[in-house]
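Peer 1: One file: entry_36.cif (mmCIF, N, CA and C atoms).
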data_upload
loop_
_atom_site.label_atom_id
_atom_site.label_comp_id
_atom_site.auth_asym_id
_atom_site.auth_seq_id
_atom_site.Cartn_x
_atom_site.Cartn_y
_atom_site.Cartn_z
N MET A 984 0.85 -1.18 0.00
CA MET A 984 0.00 0.00 0.00
C MET A 984 0.89 1.24 0.00
N ILE A 985 0.56 2.23 -0.83
CA ILE A 985 1.31 3.47 -0.93
C ILE A 985 0.46 4.59 -0.34
N LEU A 986 1.09 5.41 0.50
CA LEU A 986 0.39 6.54 1.11
C LEU A 986 0.35 7.72 0.15
N GLU A 987 -0.34 8.80 0.54
CA GLU A 987 -0.51 9.97 -0.31
C GLU A 987 0.82 10.62 -0.68
N ASP A 988 1.80 10.60 0.22
CA ASP A 988 3.08 11.25 -0.04
C ASP A 988 4.04 10.37 -0.84
N GLY A 989 3.57 9.23 -1.31
CA GLY A 989 4.39 8.36 -2.13
C GLY A 989 5.25 7.37 -1.37
N MET A 990 5.22 7.42 -0.06
CA MET A 990 6.02 6.51 0.77
C MET A 990 5.22 5.23 1.00
N PRO A 991 5.91 4.10 1.03
CA PRO A 991 5.18 2.85 1.32
C PRO A 991 4.71 2.81 2.77
N ALA A 992 3.54 2.28 2.99
CA ALA A 992 2.99 2.17 4.34
C ALA A 992 3.73 1.06 5.08
N ILE A 993 3.91 1.25 6.37
CA ILE A 993 4.56 0.24 7.20
C ILE A 993 3.52 -0.79 7.60
N LYS A 994 3.77 -2.02 7.27
CA LYS A 994 2.84 -3.09 7.59
C LYS A 994 3.17 -3.64 8.97
N LYS A 995 2.17 -3.70 9.82
CA LYS A 995 2.37 -4.23 11.17
C LYS A 995 2.34 -5.74 11.14
N SER A 996 3.21 -6.32 11.95
CA SER A 996 3.20 -7.77 12.05
C SER A 996 1.96 -8.22 12.82
N LYS A 997 1.62 -9.46 12.69
CA LYS A 997 0.44 -10.01 13.36
C LYS A 997 0.60 -9.92 14.88
N ILE A 998 1.80 -10.25 15.39
CA ILE A 998 2.02 -10.22 16.84
C ILE A 998 1.95 -8.79 17.37
N ARG A 999 2.48 -7.83 16.61
CA ARG A 999 2.41 -6.43 17.04
C ARG A 999 0.95 -5.98 17.12
N LYS A 1000 0.17 -6.35 16.13
CA LYS A 1000 -1.25 -5.99 16.12
C LYS A 1000 -1.96 -6.60 17.33
N GLU A 1001 -1.65 -7.86 17.65
CA GLU A 1001 -2.26 -8.51 18.80
C GLU A 1001 -1.89 -7.80 20.10
N ILE A 1002 -0.63 -7.41 20.23
CA ILE A 1002 -0.18 -6.71 21.44
C ILE A 1002 -0.88 -5.37 21.56
N GLU A 1003 -0.96 -4.61 20.47
CA GLU A 1003 -1.64 -3.31 20.51
C GLU A 1003 -3.11 -3.48 20.86
N ASP A 1004 -3.75 -4.52 20.37
CA ASP A 1004 -5.16 -4.78 20.70
C ASP A 1004 -5.32 -5.11 22.19
N LEU A 1005 -4.40 -5.92 22.74
CA LEU A 1005 -4.46 -6.24 24.17
C LEU A 1005 -4.24 -5.00 25.03
N LEU A 1006 -3.31 -4.14 24.63
CA LEU A 1006 -3.08 -2.90 25.37
C LEU A 1006 -4.30 -1.99 25.29
N ALA A 1007 -4.93 -1.93 24.12
CA ALA A 1007 -6.13 -1.09 23.95
C ALA A 1007 -7.24 -1.58 24.87
N ASP A 1008 -7.34 -2.90 25.07
CA ASP A 1008 -8.34 -3.45 25.99
C ASP A 1008 -8.10 -2.98 27.42
N LYS A 1009 -6.84 -2.71 27.75
CA LYS A 1009 -6.47 -2.23 29.09
C LYS A 1009 -6.53 -0.70 29.19
N GLY A 1010 -6.87 -0.04 28.07
CA GLY A 1010 -6.96 1.43 28.08
C GLY A 1010 -5.66 2.11 27.73
N LEU A 1011 -4.70 1.39 27.15
CA LEU A 1011 -3.43 1.97 26.76
C LEU A 1011 -3.31 2.01 25.25
N VAL A 1012 -2.72 3.09 24.74
CA VAL A 1012 -2.50 3.22 23.30
C VAL A 1012 -1.06 3.66 23.06
N MET A 1013 -0.58 3.43 21.85
CA MET A 1013 0.77 3.86 21.49
C MET A 1013 0.76 5.34 21.15
N GLU A 1014 1.63 6.09 21.79
CA GLU A 1014 1.82 7.51 21.48
C GLU A 1014 2.69 7.57 20.24
N LYS A 1015 2.26 8.26 19.20
CA LYS A 1015 2.99 8.24 17.95
C LYS A 1015 3.93 9.42 17.77
N THR A 1016 3.83 10.43 18.59
CA THR A 1016 4.67 11.61 18.40
C THR A 1016 5.90 11.57 19.31
N ILE A 1017 6.91 12.33 18.89
CA ILE A 1017 8.10 12.53 19.69
C ILE A 1017 7.97 13.92 20.29
N SER A 1018 8.20 14.05 21.58
CA SER A 1018 8.04 15.33 22.26
C SER A 1018 9.40 15.88 22.67
N ALA A 1019 9.52 17.20 22.60
CA ALA A 1019 10.73 17.89 23.05
C ALA A 1019 10.30 18.94 24.06
N PHE A 1020 10.85 18.85 25.26
CA PHE A 1020 10.52 19.78 26.34
C PHE A 1020 11.70 20.71 26.57
N ASP A 1021 11.46 22.01 26.56
CA ASP A 1021 12.49 22.99 26.89
C ASP A 1021 12.50 23.12 28.41
N LEU A 1022 13.53 22.60 29.05
CA LEU A 1022 13.58 22.59 30.51
C LEU A 1022 13.77 23.98 31.10
N ASP A 1023 14.32 24.90 30.33
CA ASP A 1023 14.53 26.27 30.83
C ASP A 1023 13.31 27.15 30.62
N GLY A 1024 12.66 27.02 29.47
CA GLY A 1024 11.54 27.90 29.14
C GLY A 1024 10.17 27.30 29.34
N GLY A 1025 10.09 25.97 29.49
CA GLY A 1025 8.81 25.33 29.72
C GLY A 1025 8.01 25.03 28.46
N GLU A 1026 8.59 25.26 27.28
CA GLU A 1026 7.88 24.99 26.03
C GLU A 1026 7.83 23.49 25.76
N VAL A 1027 6.79 23.05 25.06
CA VAL A 1027 6.68 21.66 24.63
C VAL A 1027 6.32 21.66 23.15
N HIS A 1028 7.06 20.85 22.38
CA HIS A 1028 6.81 20.73 20.95
C HIS A 1028 6.69 19.26 20.61
N HIS A 1029 5.81 18.93 19.66
CA HIS A 1029 5.57 17.54 19.26
C HIS A 1029 5.89 17.37 17.78
N PHE A 1030 6.53 16.23 17.45
CA PHE A 1030 6.98 15.98 16.08
C PHE A 1030 6.59 14.57 15.66
N ASP A 1031 6.41 14.40 14.34
CA ASP A 1031 6.04 13.09 13.81
C ASP A 1031 7.25 12.18 13.59
N ASP A 1032 8.43 12.75 13.38
CA ASP A 1032 9.61 11.91 13.17
C ASP A 1032 10.86 12.61 13.67
N TRP A 1033 11.95 11.82 13.75
CA TRP A 1033 13.21 12.33 14.30
C TRP A 1033 13.82 13.42 13.43
N ALA A 1034 13.71 13.29 12.12
CA ALA A 1034 14.30 14.28 11.22
C ALA A 1034 13.69 15.66 11.46
N GLU A 1035 12.38 15.69 11.60
CA GLU A 1035 11.68 16.95 11.87
C GLU A 1035 12.14 17.55 13.20
N LEU A 1036 12.33 16.72 14.21
CA LEU A 1036 12.80 17.18 15.51
C LEU A 1036 14.20 17.74 15.42
N MET A 1037 15.10 17.06 14.72
CA MET A 1037 16.49 17.51 14.61
C MET A 1037 16.58 18.84 13.87
N ILE A 1038 15.76 19.03 12.84
CA ILE A 1038 15.74 20.31 12.13
C ILE A 1038 15.28 21.42 13.07
N PHE A 1039 14.27 21.13 13.89
CA PHE A 1039 13.76 22.11 14.84
C PHE A 1039 14.83 22.49 15.87
N LEU A 1040 15.55 21.51 16.38
CA LEU A 1040 16.53 21.76 17.44
C LEU A 1040 17.83 22.39 16.95
N LYS A 1041 18.10 22.31 15.67
CA LYS A 1041 19.35 22.84 15.13
C LYS A 1041 19.48 24.33 15.44
N GLY A 1042 20.55 24.68 16.15
CA GLY A 1042 20.82 26.08 16.49
C GLY A 1042 20.10 26.59 17.72
N ARG A 1043 19.25 25.79 18.32
CA ARG A 1043 18.55 26.24 19.54
C ARG A 1043 19.43 25.99 20.75
N ARG A 1044 19.37 26.89 21.67
CA ARG A 1044 20.15 26.75 22.90
C ARG A 1044 19.23 26.32 24.04
N GLY A 1045 19.84 25.90 25.12
CA GLY A 1045 19.07 25.50 26.28
C GLY A 1045 19.13 24.01 26.50
N ARG A 1046 18.43 23.60 27.53
CA ARG A 1046 18.37 22.17 27.88
C ARG A 1046 17.05 21.61 27.39
N TRP A 1047 17.13 20.57 26.56
CA TRP A 1047 15.94 19.95 25.98
C TRP A 1047 15.85 18.51 26.43
N TYR A 1048 14.66 18.09 26.80
CA TYR A 1048 14.39 16.70 27.15
C TYR A 1048 13.54 16.13 26.03
N ILE A 1049 14.00 15.03 25.44
CA ILE A 1049 13.31 14.43 24.30
C ILE A 1049 12.71 13.10 24.72
N THR A 1050 11.43 12.91 24.43
CA THR A 1050 10.77 11.65 24.74
C THR A 1050 10.53 10.88 23.46
N THR A 1051 10.60 9.60 23.55
CA THR A 1051 10.31 8.75 22.40
C THR A 1051 8.85 8.33 22.46
N PRO A 1052 8.33 7.87 21.34
CA PRO A 1052 6.96 7.36 21.38
C PRO A 1052 6.85 6.23 22.40
N GLY A 1053 5.74 6.14 23.05
CA GLY A 1053 5.56 5.10 24.05
C GLY A 1053 4.09 4.88 24.35
N LEU A 1054 3.83 4.30 25.50
CA LEU A 1054 2.45 4.01 25.90
C LEU A 1054 1.85 5.19 26.64
N ARG A 1055 0.55 5.33 26.46
CA ARG A 1055 -0.18 6.41 27.14
C ARG A 1055 -1.60 5.93 27.38
N ARG A 1056 -2.21 6.37 28.44
CA ARG A 1056 -3.60 6.02 28.69
C ARG A 1056 -4.49 6.69 27.65
N ALA A 1057 -5.45 5.97 27.14
CA ALA A 1057 -6.31 6.46 26.06
C ALA A 1057 -7.08 7.71 26.48
N ASN A 1058 -7.49 7.79 27.72
CA ASN A 1058 -8.26 8.96 28.16
C ASN A 1058 -7.39 10.20 28.37
N ASP A 1059 -6.05 10.06 28.32
CA ASP A 1059 -5.14 11.21 28.43
C ASP A 1059 -4.88 11.87 27.10
N LEU A 1060 -5.22 11.21 25.99
CA LEU A 1060 -4.98 11.76 24.67
C LEU A 1060 -5.99 12.85 24.36
N PRO A 1061 -5.54 13.91 23.66
CA PRO A 1061 -6.50 14.96 23.28
C PRO A 1061 -7.49 14.42 22.24
N GLU A 1062 -8.70 14.96 22.26
CA GLU A 1062 -9.72 14.51 21.33
C GLU A 1062 -9.41 15.05 19.94
N LYS A 1063 -9.64 14.22 18.90
CA LYS A 1063 -9.43 14.67 17.53
C LYS A 1063 -10.69 15.38 17.06
N ARG A 1064 -10.48 16.46 16.33
CA ARG A 1064 -11.62 17.23 15.82
C ARG A 1064 -11.71 17.10 14.36
#
Turn the structure described in the file into structure tokens.
Peer 2:
Amino acid sequence: MILEDGMPAIKKSKIRKEIEDLLADKGLVMEKTISAFDLDGGEVHHFDDWAELMIFLKGRRGRWYITTPGLRRANDLPEKR
């Protein structure tokens, strides 16, 4: 399957799909964004991939804390509009 931007879609393995379904039953979902927290200024920025994050951070000063995608409770996610 090819996405709109011409990149091939990543196919999930059967075991990964089963694990994500089990986590969803427990109220947990995979967080898909990478977050960067400015520890000095308190800003928070979210990115879809590492390349986008690195471009953003290039030339910025300060202390940044970077989180990787991970698990999050489904009720903590913002509602999509």
Peer 1: For the structure provided, state which residues fall under the PyMOL selection byres (((chain A and resi 1020-1024 and name CA) around 8) and name CA), and present them as number ranges by chain.
Peer 2: A: 1018-1019, 1025-1028, 1045-1049
Peer 1: Please report the interatomic distance between atom C of A:Met1037 and atom CA of A:Glu1014 in Å with one decimal.
Peer 2: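 If I compute the distance from atom C of A:Met1037 to atom CA of A:Glu1014, I get 20.1 Å.
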Peer 1: In Å, how far is it from atom N of A:Met1013 to atom N of A:Pro1052?
Peer 2: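 That distance, rounded to one decimal, is 10.0 Å.
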Peer 1: Please compute the atom CA of A:Thr1016-atom N of A:His1029 distance, one decimal, in Å.
Peer 2: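 Taking atom CA of A:Thr1016 and atom N of A:His1029, their separation equals 7.5 Å.
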Peer 1: Which residue, A:Val1012, A:Arg1044, A:Ser996, A:Thr1050, has the smallest gap to A:Asp1032 when you use only C-alpha atoms?
Peer 2: A:Thr1050
Peer 1: Smallest atom-to-atom distance to A:Asp1031: which of A:Lys995, A:Lys1015, A:Ile1002, A:Arg1043, using all atoms listed in the file?
Peer 2: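 The closest residue to A:Asp1031 is A:Lys1015.
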